[in-house]
file protein_20.tsv (TSV, C-alpha atoms and all ligand atoms)
chain	number	residue	atom	x	y	z
M	1	MET	CA	5.40	-45.91	-150.58
M	2	LEU	CA	2.88	-44.94	-147.95
M	3	THR	CA	3.53	-41.77	-146.06
M	4	ASP	CA	1.94	-40.47	-142.83
M	5	THR	CA	-0.54	-38.47	-144.84
M	6	LYS	CA	-1.51	-41.53	-146.89
M	7	SER	CA	-2.44	-44.17	-144.34
M	8	ARG	CA	-4.20	-47.33	-145.41
M	9	LEU	CA	-7.98	-47.33	-145.12
M	10	LEU	CA	-8.32	-50.79	-143.61
M	11	ASP	CA	-5.77	-50.08	-140.86
M	12	GLY	CA	-8.63	-48.22	-139.21
M	13	LEU	CA	-10.58	-51.41	-138.55
M	14	GLU	CA	-10.82	-52.46	-134.91
M	15	HIS	CA	-10.43	-56.04	-133.78
M	16	ILE	CA	-13.70	-57.96	-133.42
M	17	GLU	CA	-14.27	-61.45	-132.05
M	18	PRO	CA	-15.66	-64.02	-134.48
M	19	ASP	CA	-19.32	-64.96	-133.92
M	20	ALA	CA	-19.44	-67.38	-130.97
M	21	LEU	CA	-22.15	-69.63	-132.47
M	22	LEU	CA	-20.34	-69.95	-135.78
M	23	GLN	CA	-17.18	-70.84	-133.88
M	24	LEU	CA	-19.12	-73.48	-132.00
M	25	MET	CA	-20.39	-74.93	-135.29
M	26	VAL	CA	-16.83	-75.30	-136.56
M	27	MET	CA	-15.64	-76.87	-133.30
M	28	ALA	CA	-18.51	-79.38	-133.35
M	29	ARG	CA	-17.88	-80.23	-136.98
M	30	ASP	CA	-14.18	-80.86	-136.34
M	31	ASP	CA	-14.77	-82.95	-133.18
M	32	GLU	CA	-14.03	-86.56	-134.13
M	33	ARG	CA	-15.37	-88.20	-130.96
M	34	GLN	CA	-18.03	-90.88	-131.47
M	35	GLY	CA	-21.48	-89.86	-130.25
M	36	LYS	CA	-20.84	-86.11	-130.17
M	37	ILE	CA	-23.97	-83.96	-129.93
M	38	ASP	CA	-24.12	-80.66	-131.80
M	39	ALA	CA	-26.96	-78.83	-130.09
M	40	GLY	CA	-25.47	-75.40	-130.79
M	41	VAL	CA	-26.53	-74.84	-134.38
M	42	GLY	CA	-30.05	-73.44	-134.93
M	43	VAL	CA	-31.42	-75.69	-137.66
M	44	PHE	CA	-33.87	-78.58	-137.55
M	45	LYS	CA	-32.15	-81.96	-137.56
M	46	THR	CA	-33.42	-85.48	-138.04
M	47	SER	CA	-32.36	-88.22	-135.66
M	48	GLU	CA	-29.50	-88.90	-138.11
M	49	GLY	CA	-28.29	-85.32	-137.73
M	50	LYS	CA	-29.46	-84.29	-141.22
M	51	THR	CA	-31.19	-81.06	-142.22
M	52	PRO	CA	-33.02	-82.36	-145.30
M	53	VAL	CA	-34.68	-80.43	-148.09
M	54	MET	CA	-38.42	-80.88	-147.44
M	55	ARG	CA	-40.26	-83.13	-149.92
M	56	ALA	CA	-42.67	-80.39	-151.01
M	57	ILE	CA	-39.75	-78.04	-151.61
M	58	LYS	CA	-37.94	-80.67	-153.73
M	59	GLU	CA	-41.09	-81.07	-155.82
M	60	ALA	CA	-41.47	-77.29	-156.12
M	61	GLU	CA	-37.86	-77.09	-157.30
M	62	LYS	CA	-38.62	-79.53	-160.11
M	63	ARG	CA	-41.63	-77.48	-161.16
M	64	LEU	CA	-39.70	-74.22	-160.97
M	65	HIS	CA	-36.99	-75.70	-163.16
M	66	GLU	CA	-39.62	-76.69	-165.75
M	67	GLU	CA	-41.74	-73.56	-165.59
M	68	GLN	CA	-39.37	-70.65	-165.11
M	69	ASP	CA	-38.69	-68.96	-168.42
M	70	SER	CA	-37.00	-65.77	-167.25
M	71	LYS	CA	-34.78	-64.49	-164.51
M	72	ALA	CA	-35.48	-60.85	-165.23
M	73	TYR	CA	-35.72	-58.49	-162.21
M	74	LEU	CA	-38.90	-58.65	-160.15
M	75	GLY	CA	-38.53	-55.34	-158.32
M	76	MET	CA	-37.95	-54.28	-154.71
M	77	ALA	CA	-40.97	-56.16	-153.34
M	78	GLY	CA	-39.84	-59.43	-154.92
M	79	ASP	CA	-42.45	-62.09	-155.64
M	80	LYS	CA	-45.81	-60.34	-155.22
M	81	LEU	CA	-47.84	-63.54	-154.85
M	82	PHE	CA	-45.59	-64.89	-152.07
M	83	PRO	CA	-46.76	-62.57	-149.23
M	84	LYS	CA	-50.39	-62.90	-150.38
M	85	LEU	CA	-50.24	-66.70	-150.09
M	86	LEU	CA	-48.37	-66.52	-146.80
M	87	ALA	CA	-50.85	-64.12	-145.16
M	88	PRO	CA	-53.59	-66.72	-144.45
M	89	ILE	CA	-50.98	-68.93	-142.75
M	90	VAL	CA	-49.66	-66.15	-140.56
M	91	PHE	CA	-52.82	-64.09	-139.97
M	92	GLY	CA	-55.54	-66.66	-140.63
M	93	GLU	CA	-56.93	-64.35	-143.35
M	94	GLU	CA	-56.03	-62.38	-146.45
M	95	LEU	CA	-54.28	-59.04	-146.20
M	96	GLY	CA	-56.75	-56.22	-145.57
M	97	ASP	CA	-56.48	-52.99	-147.56
M	98	ASN	CA	-54.73	-51.33	-144.58
M	99	MET	CA	-52.01	-54.00	-144.72
M	100	ILE	CA	-48.97	-54.45	-146.88
M	101	GLY	CA	-46.60	-57.37	-147.29
M	102	LEU	CA	-43.41	-57.85	-149.24
M	103	GLN	CA	-40.73	-60.44	-149.74
M	104	THR	CA	-37.45	-59.98	-147.85
M	105	PRO	CA	-34.08	-61.79	-147.65
M	106	GLY	CA	-35.06	-64.02	-144.69
M	107	GLY	CA	-36.36	-62.96	-141.30
M	108	CYS	CA	-33.20	-60.88	-140.85
M	109	GLY	CA	-34.11	-58.85	-143.92
M	110	ALA	CA	-37.63	-58.34	-142.58
M	111	LEU	CA	-36.31	-57.21	-139.18
M	112	THR	CA	-33.82	-54.88	-140.84
M	113	LEU	CA	-36.60	-53.22	-142.84
M	114	ALA	CA	-38.86	-53.14	-139.78
M	115	PHE	CA	-36.43	-51.16	-137.64
M	116	LYS	CA	-35.31	-48.92	-140.51
M	117	LEU	CA	-38.99	-48.16	-141.08
M	118	VAL	CA	-39.37	-47.21	-137.40
M	119	GLU	CA	-36.31	-45.00	-137.73
M	120	ALA	CA	-37.72	-43.28	-140.81
M	121	ALA	CA	-41.09	-42.71	-139.15
M	122	ARG	CA	-39.97	-41.88	-135.60
M	123	PRO	CA	-36.22	-41.82	-134.92
M	124	GLN	CA	-36.78	-41.01	-131.24
M	125	ALA	CA	-38.76	-44.25	-130.69
M	126	ARG	CA	-37.23	-46.56	-128.09
M	127	VAL	CA	-37.34	-50.31	-128.65
M	128	PHE	CA	-38.29	-52.48	-125.65
M	129	VAL	CA	-36.48	-55.80	-125.76
M	130	GLY	CA	-36.89	-58.66	-123.29
M	131	THR	CA	-33.66	-60.43	-122.42
M	132	PRO	CA	-32.27	-62.84	-123.20
M	133	THR	CA	-33.20	-62.59	-126.84
M	134	TRP	CA	-31.86	-63.88	-130.15
M	135	ALA	CA	-28.31	-62.56	-130.57
M	136	ASN	CA	-29.09	-60.73	-133.83
M	137	HIS	CA	-31.93	-58.62	-132.46
M	138	GLN	CA	-29.95	-55.94	-130.69
M	139	PRO	CA	-27.41	-55.38	-133.53
M	140	LEU	CA	-30.29	-55.08	-136.01
M	141	ILE	CA	-32.04	-52.47	-133.85
M	142	ALA	CA	-28.76	-50.63	-133.23
M	143	GLY	CA	-28.20	-50.69	-137.01
M	144	ALA	CA	-31.26	-48.47	-137.32
M	145	ASP	CA	-29.83	-46.10	-134.67
M	146	LEU	CA	-32.72	-46.74	-132.30
M	147	GLU	CA	-32.38	-46.68	-128.53
M	148	ILE	CA	-32.84	-50.07	-126.85
M	149	ILE	CA	-34.57	-50.48	-123.48
M	150	GLU	CA	-33.93	-53.92	-122.02
M	151	TYR	CA	-36.12	-55.68	-119.49
M	152	PRO	CA	-35.78	-59.18	-118.03
M	153	TYR	CA	-37.96	-61.68	-119.90
M	154	TYR	CA	-36.75	-65.01	-118.55
M	155	ASP	CA	-34.99	-66.19	-115.42
M	156	LYS	CA	-32.63	-68.98	-116.43
M	157	ALA	CA	-31.95	-70.22	-112.88
M	158	ASP	CA	-35.63	-70.22	-112.03
M	159	THR	CA	-36.58	-71.50	-115.55
M	160	SER	CA	-39.57	-69.16	-115.68
M	161	LEU	CA	-40.83	-66.00	-117.38
M	162	CYS	CA	-40.22	-62.68	-115.60
M	163	TRP	CA	-43.83	-61.79	-116.24
M	164	ASP	CA	-44.14	-59.02	-113.67
M	165	ALA	CA	-40.97	-57.34	-114.92
M	166	MET	CA	-42.25	-57.53	-118.50
M	167	VAL	CA	-45.58	-55.95	-117.58
M	168	GLU	CA	-43.86	-53.23	-115.58
M	169	ALA	CA	-41.45	-52.46	-118.42
M	170	LEU	CA	-44.15	-52.27	-121.10
M	171	LYS	CA	-46.28	-50.07	-118.85
M	172	SER	CA	-43.37	-47.65	-118.57
M	173	ALA	CA	-43.19	-47.22	-122.37
M	174	ARG	CA	-44.10	-43.92	-123.96
M	175	SER	CA	-46.58	-43.45	-126.76
M	176	GLY	CA	-44.75	-44.13	-130.02
M	177	ASP	CA	-42.22	-46.52	-128.51
M	178	VAL	CA	-41.82	-49.99	-129.99
M	179	ALA	CA	-41.93	-53.43	-128.36
M	180	LEU	CA	-40.14	-56.35	-129.98
M	181	LEU	CA	-42.02	-59.59	-129.29
M	182	HIS	CA	-41.30	-63.19	-130.32
M	183	GLY	CA	-44.41	-64.54	-132.05
M	184	CYS	CA	-43.74	-68.11	-130.89
M	185	CYS	CA	-40.97	-70.58	-130.02
M	186	HIS	CA	-38.92	-67.97	-128.17
M	187	ASN	CA	-35.24	-68.04	-129.10
M	188	PRO	CA	-33.21	-68.75	-126.94
M	189	THR	CA	-35.49	-69.66	-124.03
M	190	GLY	CA	-38.43	-71.72	-125.43
M	191	ALA	CA	-40.61	-69.88	-122.88
M	192	ASN	CA	-43.65	-68.25	-124.46
M	193	LEU	CA	-46.58	-66.15	-123.32
M	194	THR	CA	-49.90	-67.87	-122.63
M	195	VAL	CA	-52.98	-66.72	-124.54
M	196	ASP	CA	-54.11	-64.79	-121.45
M	197	GLN	CA	-50.73	-63.10	-121.21
M	198	TRP	CA	-50.87	-62.15	-124.90
M	199	HIS	CA	-54.24	-60.50	-124.25
M	200	GLU	CA	-52.76	-58.61	-121.33
M	201	VAL	CA	-49.72	-57.51	-123.36
M	202	ALA	CA	-51.97	-56.39	-126.23
M	203	ALA	CA	-54.09	-54.32	-123.81
M	204	ILE	CA	-50.97	-52.61	-122.42
M	205	LEU	CA	-49.66	-51.86	-125.93
M	206	VAL	CA	-52.99	-50.28	-126.88
M	207	ASP	CA	-53.20	-48.36	-123.61
M	208	ARG	CA	-49.64	-46.99	-123.89
M	209	GLY	CA	-49.74	-46.41	-127.67
M	210	VAL	CA	-46.79	-48.77	-128.18
M	211	VAL	CA	-46.21	-50.30	-131.61
M	212	PRO	CA	-45.42	-54.05	-131.60
M	213	VAL	CA	-42.78	-55.53	-133.89
M	214	ILE	CA	-43.51	-59.25	-133.89
M	215	ASP	CA	-40.75	-61.59	-134.99
M	216	ILE	CA	-42.23	-64.92	-136.08
M	217	ALA	CA	-39.53	-67.26	-137.36
M	218	TYR	CA	-40.67	-70.71	-136.15
M	219	GLN	CA	-44.40	-70.94	-136.87
M	220	GLY	CA	-45.45	-74.60	-136.84
M	221	LEU	CA	-42.45	-75.82	-134.88
M	222	GLY	CA	-43.98	-75.17	-131.46
M	223	VAL	CA	-47.53	-76.44	-130.95
M	224	GLY	CA	-49.05	-76.13	-134.46
M	225	LEU	CA	-49.35	-73.62	-137.29
M	226	GLU	CA	-52.55	-72.09	-135.87
M	227	GLU	CA	-51.58	-72.27	-132.19
M	228	ASP	CA	-48.18	-70.69	-132.84
M	229	ALA	CA	-49.83	-67.67	-134.48
M	230	ALA	CA	-52.42	-67.15	-131.71
M	231	GLY	CA	-50.51	-64.42	-129.86
M	232	LEU	CA	-49.68	-62.54	-133.05
M	233	ARG	CA	-53.34	-62.60	-134.09
M	234	ILE	CA	-54.46	-61.29	-130.68
M	235	VAL	CA	-52.08	-58.34	-131.09
M	236	MET	CA	-53.19	-57.82	-134.71
M	237	ASP	CA	-56.82	-57.58	-133.59
M	238	ALA	CA	-56.07	-55.19	-130.75
M	239	CYS	CA	-53.44	-52.76	-132.06
M	240	PRO	CA	-53.99	-50.16	-134.78
M	241	GLU	CA	-50.41	-50.47	-136.06
M	242	VAL	CA	-48.41	-53.71	-136.12
M	243	ILE	CA	-45.17	-54.70	-137.82
M	244	VAL	CA	-44.52	-58.40	-138.46
M	245	ALA	CA	-41.15	-59.85	-139.47
M	246	GLN	CA	-41.72	-63.37	-140.75
M	247	SER	CA	-39.27	-66.09	-141.78
M	248	CYS	CA	-39.94	-69.20	-143.89
M	249	ASP	CA	-36.38	-70.37	-143.48
M	250	LYS	CA	-37.13	-72.78	-140.62
M	251	ASN	CA	-40.66	-73.97	-141.33
M	252	PHE	CA	-39.96	-74.55	-145.03
M	253	GLY	CA	-36.35	-75.63	-144.35
M	254	VAL	CA	-34.93	-73.21	-146.93
M	255	TYR	CA	-32.39	-71.52	-144.64
M	256	ARG	CA	-29.70	-70.64	-147.17
M	257	ASP	CA	-32.21	-69.44	-149.74
M	258	ARG	CA	-33.11	-66.53	-147.40
M	259	VAL	CA	-36.91	-66.44	-147.46
M	260	GLY	CA	-38.94	-64.05	-145.36
M	261	ALA	CA	-41.59	-61.37	-145.47
M	262	LEU	CA	-42.34	-58.06	-143.82
M	263	PHE	CA	-45.99	-57.26	-143.11
M	264	VAL	CA	-47.29	-53.96	-141.80
M	265	LYS	CA	-50.76	-53.16	-140.55
M	266	ALA	CA	-51.37	-49.40	-140.81
M	267	SER	CA	-54.31	-47.44	-139.49
M	268	ASP	CA	-55.75	-46.98	-143.01
M	269	ALA	CA	-55.18	-47.91	-146.65
M	270	LYS	CA	-53.59	-44.57	-147.58
M	271	THR	CA	-50.98	-44.86	-144.83
M	272	ALA	CA	-50.36	-48.49	-145.79
M	273	ALA	CA	-49.63	-47.44	-149.39
M	274	LEU	CA	-47.24	-44.69	-148.26
M	275	THR	CA	-45.54	-47.16	-145.89
M	276	MET	CA	-44.97	-49.55	-148.80
M	277	LYS	CA	-43.25	-46.79	-150.79
M	278	HIS	CA	-40.92	-46.04	-147.88
M	279	ILE	CA	-40.13	-49.69	-147.28
M	280	GLN	CA	-39.26	-50.22	-150.93
M	281	GLN	CA	-37.01	-47.18	-150.82
M	282	ILE	CA	-35.22	-48.62	-147.78
M	283	ALA	CA	-34.97	-52.04	-149.45
M	284	ARG	CA	-33.44	-50.38	-152.49
M	285	GLU	CA	-30.71	-48.90	-150.31
M	286	MET	CA	-30.11	-52.19	-148.45
M	287	TRP	CA	-30.17	-54.96	-151.09
M	288	SER	CA	-32.20	-53.54	-153.96
M	289	MET	CA	-34.20	-56.73	-154.51
M	290	PRO	CA	-34.61	-59.94	-152.51
M	291	PRO	CA	-33.30	-63.25	-153.93
M	292	ASP	CA	-36.06	-65.02	-155.81
M	293	HIS	CA	-35.42	-68.76	-155.70
M	294	GLY	CA	-36.63	-69.72	-152.19
M	295	ALA	CA	-39.66	-67.43	-152.21
M	296	ALA	CA	-40.65	-68.84	-155.62
M	297	LEU	CA	-40.54	-72.34	-154.09
M	298	VAL	CA	-42.73	-71.33	-151.15
M	299	ARG	CA	-45.11	-69.63	-153.60
M	300	ILE	CA	-45.33	-72.85	-155.66
M	301	VAL	CA	-45.98	-74.95	-152.54
M	302	LEU	CA	-48.67	-72.61	-151.26
M	303	SER	CA	-50.33	-72.29	-154.71
M	304	ASP	CA	-50.99	-76.02	-154.89
M	305	PRO	CA	-53.25	-77.71	-152.29
M	306	GLU	CA	-51.46	-81.04	-152.74
M	307	LEU	CA	-48.00	-79.56	-152.15
M	308	THR	CA	-49.36	-77.51	-149.25
M	309	ALA	CA	-50.72	-80.69	-147.63
M	310	MET	CA	-47.36	-82.40	-148.21
M	311	TRP	CA	-45.54	-79.47	-146.57
M	312	ARG	CA	-47.90	-79.39	-143.60
M	313	ALA	CA	-47.49	-83.14	-143.04
M	314	GLU	CA	-43.71	-82.86	-143.02
M	315	LEU	CA	-43.83	-79.85	-140.71
M	316	ASP	CA	-46.02	-81.94	-138.38
M	317	GLU	CA	-43.37	-84.68	-138.43
M	318	MET	CA	-40.63	-82.19	-137.60
M	319	ARG	CA	-42.62	-80.70	-134.74
M	320	GLY	CA	-43.48	-84.21	-133.53
M	321	ARG	CA	-39.79	-85.02	-133.23
M	322	ILE	CA	-39.12	-81.83	-131.25
M	323	ILE	CA	-42.05	-82.46	-128.89
M	324	ASP	CA	-41.05	-86.08	-128.36
M	325	LEU	CA	-37.46	-85.14	-127.52
M	326	ARG	CA	-38.68	-82.46	-125.13
M	327	ARG	CA	-40.86	-85.01	-123.35
M	328	ARG	CA	-38.01	-87.50	-123.03
M	329	VAL	CA	-35.56	-84.90	-121.69
M	330	ALA	CA	-38.22	-83.60	-119.27
M	331	GLU	CA	-38.98	-87.07	-117.94
M	332	SER	CA	-35.33	-87.79	-117.19
M	333	ASP	CA	-35.17	-85.56	-114.10
M	334	PRO	CA	-37.64	-83.29	-112.26
M	335	ARG	CA	-35.13	-80.45	-112.60
M	336	LEU	CA	-35.51	-80.70	-116.40
M	337	ALA	CA	-39.33	-80.95	-116.33
M	338	TYR	CA	-39.64	-77.34	-117.55
M	339	ILE	CA	-38.23	-78.39	-120.94
M	340	GLY	CA	-41.41	-80.41	-121.57
M	341	GLU	CA	-43.52	-77.30	-121.05
M	342	GLN	CA	-41.49	-75.06	-123.34
M	343	GLU	CA	-41.93	-74.87	-127.12
M	344	GLY	CA	-39.92	-74.74	-130.30
M	345	MET	CA	-36.41	-75.71	-131.18
M	346	PHE	CA	-34.60	-74.09	-128.22
M	347	SER	CA	-34.43	-74.16	-124.45
M	348	MET	CA	-31.76	-73.09	-122.00
M	349	LEU	CA	-29.93	-75.28	-119.53
M	350	PRO	CA	-29.42	-73.70	-116.12
M	351	VAL	CA	-25.65	-73.95	-116.47
M	352	THR	CA	-22.73	-71.54	-116.19
M	353	PRO	CA	-20.33	-70.80	-119.08
M	354	GLU	CA	-17.75	-72.96	-117.25
M	355	GLN	CA	-20.19	-75.86	-117.21
M	356	VAL	CA	-20.85	-75.32	-120.93
M	357	VAL	CA	-17.12	-75.83	-121.51
M	358	LYS	CA	-17.22	-78.96	-119.35
M	359	LEU	CA	-20.11	-80.36	-121.40
M	360	ARG	CA	-18.08	-79.79	-124.52
M	361	GLU	CA	-14.72	-81.03	-123.30
M	362	GLU	CA	-15.81	-83.98	-121.17
M	363	HIS	CA	-18.95	-85.11	-122.97
M	364	ALA	CA	-18.61	-83.83	-126.59
M	365	ILE	CA	-21.92	-81.98	-126.16
M	366	TYR	CA	-22.07	-78.60	-127.86
M	367	VAL	CA	-24.48	-75.96	-126.52
M	368	ALA	CA	-24.29	-72.16	-126.77
M	369	ASN	CA	-22.37	-70.22	-124.14
M	370	ASN	CA	-25.56	-69.05	-122.43
M	371	GLY	CA	-26.80	-72.65	-122.09
M	372	ARG	CA	-29.11	-72.52	-125.12
M	373	PHE	CA	-29.43	-75.86	-126.83
M	374	ASN	CA	-31.22	-77.05	-129.93
M	375	VAL	CA	-33.55	-79.79	-128.72
M	376	CYS	CA	-33.38	-81.64	-132.05
M	377	GLY	CA	-29.58	-81.46	-132.09
M	378	MET	CA	-29.49	-84.93	-130.51
M	379	GLY	CA	-30.31	-88.25	-132.15
M	380	ASP	CA	-33.14	-90.40	-130.75
M	381	ASP	CA	-30.50	-92.71	-129.27
M	382	GLN	CA	-28.55	-89.83	-127.67
M	383	VAL	CA	-31.16	-88.56	-125.22
M	384	ASP	CA	-29.74	-90.60	-122.34
M	385	SER	CA	-26.17	-89.45	-122.90
M	386	PHE	CA	-27.38	-85.84	-123.11
M	387	THR	CA	-29.51	-85.98	-119.96
M	388	ASN	CA	-26.94	-88.02	-118.01
M	389	ALA	CA	-24.26	-85.44	-118.73
M	390	VAL	CA	-26.53	-82.51	-117.82
M	391	ARG	CA	-27.68	-84.22	-114.64
M	392	ALA	CA	-24.07	-84.95	-113.63
M	393	LEU	CA	-23.31	-81.23	-114.05
M	394	MET	CA	-26.33	-80.19	-112.01
M	395	ASP	CA	-25.33	-82.63	-109.27
M	396	GLY	CA	-21.95	-80.92	-109.19
I	1	LIG	C1	-35.85	-65.33	-133.35
I	1	LIG	C2	-35.39	-65.31	-134.77
I	1	LIG	N1	-35.85	-64.37	-135.59
I	1	LIG	C3	-35.47	-64.29	-136.87
I	1	LIG	C4	-34.58	-65.19	-137.40
I	1	LIG	C5	-34.20	-64.96	-138.82
I	1	LIG	O1	-33.99	-66.01	-139.58
I	1	LIG	P1	-33.53	-65.93	-141.10
I	1	LIG	O2	-32.95	-64.57	-141.35
I	1	LIG	O3	-32.55	-67.02	-141.24
I	1	LIG	O4	-34.78	-66.13	-141.88
I	1	LIG	C6	-34.04	-66.19	-136.58
I	1	LIG	C7	-33.03	-67.12	-137.07
I	1	LIG	O5	-32.33	-67.80	-136.37
I	1	LIG	C8	-34.47	-66.25	-135.22
I	1	LIG	O6	-34.00	-67.18	-134.39

call {"tool": "encode", "arguments": {"input": "protein_20.tsv", "output": "structure tokens"}}
result
Amino acid sequence: MLTDTKSRLLDGLEHIEPDALLQLMVMARDDERQGKIDAGVGVFKTSEGKTPVMRAIKEAEKRLHEEQDSKAYLGMAGDKLFPKLLAPIVFGEELGDNMIGLQTPGGCGALTLAFKLVEAARPQARVFVGTPTWANHQPLIAGADLEIIEYPYYDKADTSLCWDAMVEALKSARSGDVALLHGCCHNPTGANLTVDQWHEVAAILVDRGVVPVIDIAYQGLGVGLEEDAAGLRIVMDACPEVIVAQSCDKNFGVYRDRVGALFVKASDAKTAALTMKHIQQIAREMWSMPPDHGAALVRIVLSDPELTAMWRAELDEMRGRIIDLRRRVAESDPRLAYIGEQEGMFSMLPVTPEQVVKLREEHAIYVANNGRFNVCGMGDDQVDSFTNAVRALMDG
């Protein structure tokens, strides 16, 4: 029998709402209407609505099955070759001796380590975050007990960047503060900085002594592998310290295998080595060691020129589908023209939450509450039904 002095532990839990996007996924899955469009979920889809295992990854899985002769622990940094092979893709060159890289459980794991590292080094650092941003960013920063300073990044009604507000916000940062930046394919807006704007941002970061944390989760799904890394590389060249949270989950299509990497550029090799020790200590407290399977597959693909070429070709196909859909949506109405200029898997519709419900209930079209939609969530033959429904809403 429980008495007043022996209350149950779990009675102390407060009510929380289930994740809105996960709820949307379930609703879309259970919707039995013909021609429904699930543009809520954030994964690449073929015209048939499939999220296939990439051909190069399938081949790598066969090789892994043949070659792997042990599943013994690899240590806190995971697969050591994986970040080394990834570096030329992300940075266009090998890791310098003032840089470290390690395997993490997806981009989320890399971001977790990034902000915990900031906390360990400078707990009073404030993190500048442009809004709207990916829904996980703020909880991950708050999880490291860091203060968040928001600034407007994108005006949904105007479908444009709030460039002046971004510049003003970053110029107000103090030395030692942190700026979270999307490397490419901004989620949820699809609106990215131009090369000139990246140069300007980099100059402000250097001038103010602000440390960039660059989240790059969609490289190759915007304009191209090289083009999508251009901004990140500008910042890498300019800033003495840079933290990069990378994810392979989208561009290698290995979502559930949780594949990512954290890279840090320090001012010198000694600091880089010390940073690595701290990061591994944090990783030990979080998950001890990252899961191996997906990173081993990426390592196999990137170790073999033939598999790498196969992967690149398939990534090109995926990006081609996204770009083609963007063009078709953009051409349907001048009010949607901005979608053709944006990049990556996501853009936002200038709609209210009530209109989002209308899209769902009257047209079986699922988009996130804030109007974010996954461009490749529609089949090739569904573009007209998507744009007709959106145009009807905009017409009132
Ligand atoms: C902007 C952004 N960053 C990071 C991630 C992390 O991805 P994952 O943890 O699945 O690798 C995502 C995933 O949706 C994302 O959209």

call {"tool": "residues_near_ligand", "arguments": {"input": "protein_20.tsv", "ligand": "ligand LIG 1 (chain I)", "cutoff": "8 Å", "atoms": "all atoms listed in the file", "output": "PDB file with C-alpha atoms, in the coordinates of the input"}}
result
ATOM      1  CA  GLY M  42     -30.050 -73.440-134.930  1.00  0.00           C
ATOM      2  CA  PRO M 105     -34.080 -61.790-147.650  1.00  0.00           C
ATOM      3  CA  GLY M 106     -35.060 -64.020-144.690  1.00  0.00           C
ATOM      4  CA  GLY M 107     -36.360 -62.960-141.300  1.00  0.00           C
ATOM      5  CA  CYS M 108     -33.200 -60.880-140.850  1.00  0.00           C
ATOM      6  CA  GLY M 109     -34.110 -58.850-143.920  1.00  0.00           C
ATOM      7  CA  ALA M 110     -37.630 -58.340-142.580  1.00  0.00           C
ATOM      8  CA  LEU M 111     -36.310 -57.210-139.180  1.00  0.00           C
ATOM      9  CA  THR M 133     -33.200 -62.590-126.840  1.00  0.00           C
ATOM     10  CA  TRP M 134     -31.860 -63.880-130.150  1.00  0.00           C
ATOM     11  CA  ASN M 136     -29.090 -60.730-133.830  1.00  0.00           C
ATOM     12  CA  HIS M 137     -31.930 -58.620-132.460  1.00  0.00           C
ATOM     13  CA  HIS M 182     -41.300 -63.190-130.320  1.00  0.00           C
ATOM     14  CA  HIS M 186     -38.920 -67.970-128.170  1.00  0.00           C
ATOM     15  CA  ASN M 187     -35.240 -68.040-129.100  1.00  0.00           C
ATOM     16  CA  PRO M 188     -33.210 -68.750-126.940  1.00  0.00           C
ATOM     17  CA  ASP M 215     -40.750 -61.590-134.990  1.00  0.00           C
ATOM     18  CA  ILE M 216     -42.230 -64.920-136.080  1.00  0.00           C
ATOM     19  CA  ALA M 217     -39.530 -67.260-137.360  1.00  0.00           C
ATOM     20  CA  TYR M 218     -40.670 -70.710-136.150  1.00  0.00           C
ATOM     21  CA  ALA M 245     -41.150 -59.850-139.470  1.00  0.00           C
ATOM     22  CA  GLN M 246     -41.720 -63.370-140.750  1.00  0.00           C
ATOM     23  CA  SER M 247     -39.270 -66.090-141.780  1.00  0.00           C
ATOM     24  CA  CYS M 248     -39.940 -69.200-143.890  1.00  0.00           C
ATOM     25  CA  ASP M 249     -36.380 -70.370-143.480  1.00  0.00           C
ATOM     26  CA  LYS M 250     -37.130 -72.780-140.620  1.00  0.00           C
ATOM     27  CA  TYR M 255     -32.390 -71.520-144.640  1.00  0.00           C
ATOM     28  CA  ARG M 256     -29.700 -70.640-147.170  1.00  0.00           C
ATOM     29  CA  ARG M 258     -33.110 -66.530-147.400  1.00  0.00           C
ATOM     30  CA  VAL M 259     -36.910 -66.440-147.460  1.00  0.00           C
ATOM     31  CA  GLY M 260     -38.940 -64.050-145.360  1.00  0.00           C
TER      32      GLY M 260
END

call {"tool": "closest_residue", "arguments": {"input": "protein_20.tsv", "among": "M:Arg335, M:Lys116, M:Arg122, M:Lys171", "to": "Ala283 (chain M)", "atoms": "only C-alpha atoms"}}
result
M:Lys116

call {"tool": "atom_distance", "arguments": {"input": "protein_20.tsv", "atom1": "CA of Ile282 (chain M)", "atom2": "CA of Leu113 (chain M)"}}
result
6.9 Å

call {"tool": "residues_around", "arguments": {"input": "protein_20.tsv", "residues": "Lys270 (chain M)", "least_positions_apart": "6", "cutoff": "12 Å", "atoms": "only C-alpha atoms", "output": "MDAnalysis selection string"}}
result
chainID M and resid 97:100 276:277

call {"tool": "closest_residue", "arguments": {"input": "protein_20.tsv", "among": "M:Tyr366, M:Trp287, M:Phe386, M:Phe346", "to": "Arg328 (chain M)", "atoms": "all atoms listed in the file"}}
result
M:Phe386

call {"tool": "residues_around", "arguments": {"input": "protein_20.tsv", "residues": "Ile37 (chain M)", "least_positions_apart": "5", "cutoff": "7 Å", "atoms": "all atoms listed in the file", "output": "JSON, numbers by chain"}}
result
{"M": [364, 365, 366, 377, 378]}

call {"tool": "write_last_selection", "arguments": {"input": "protein_20.tsv", "atoms": "C-alpha atoms", "output": "mmCIF file, keeping the file's coordinate frame"}}
result
data_model
loop_
_atom_site.group_PDB
_atom_site.id
_atom_site.type_symbol
_atom_site.label_atom_id
_atom_site.label_comp_id
_atom_site.auth_asym_id
_atom_site.auth_seq_id
_atom_site.Cartn_x
_atom_site.Cartn_y
_atom_site.Cartn_z
ATOM 1 C CA ALA M 364 -18.610 -83.830 -126.590
ATOM 2 C CA ILE M 365 -21.920 -81.980 -126.160
ATOM 3 C CA TYR M 366 -22.070 -78.600 -127.860
ATOM 4 C CA GLY M 377 -29.580 -81.460 -132.090
ATOM 5 C CA MET M 378 -29.490 -84.930 -130.510
#
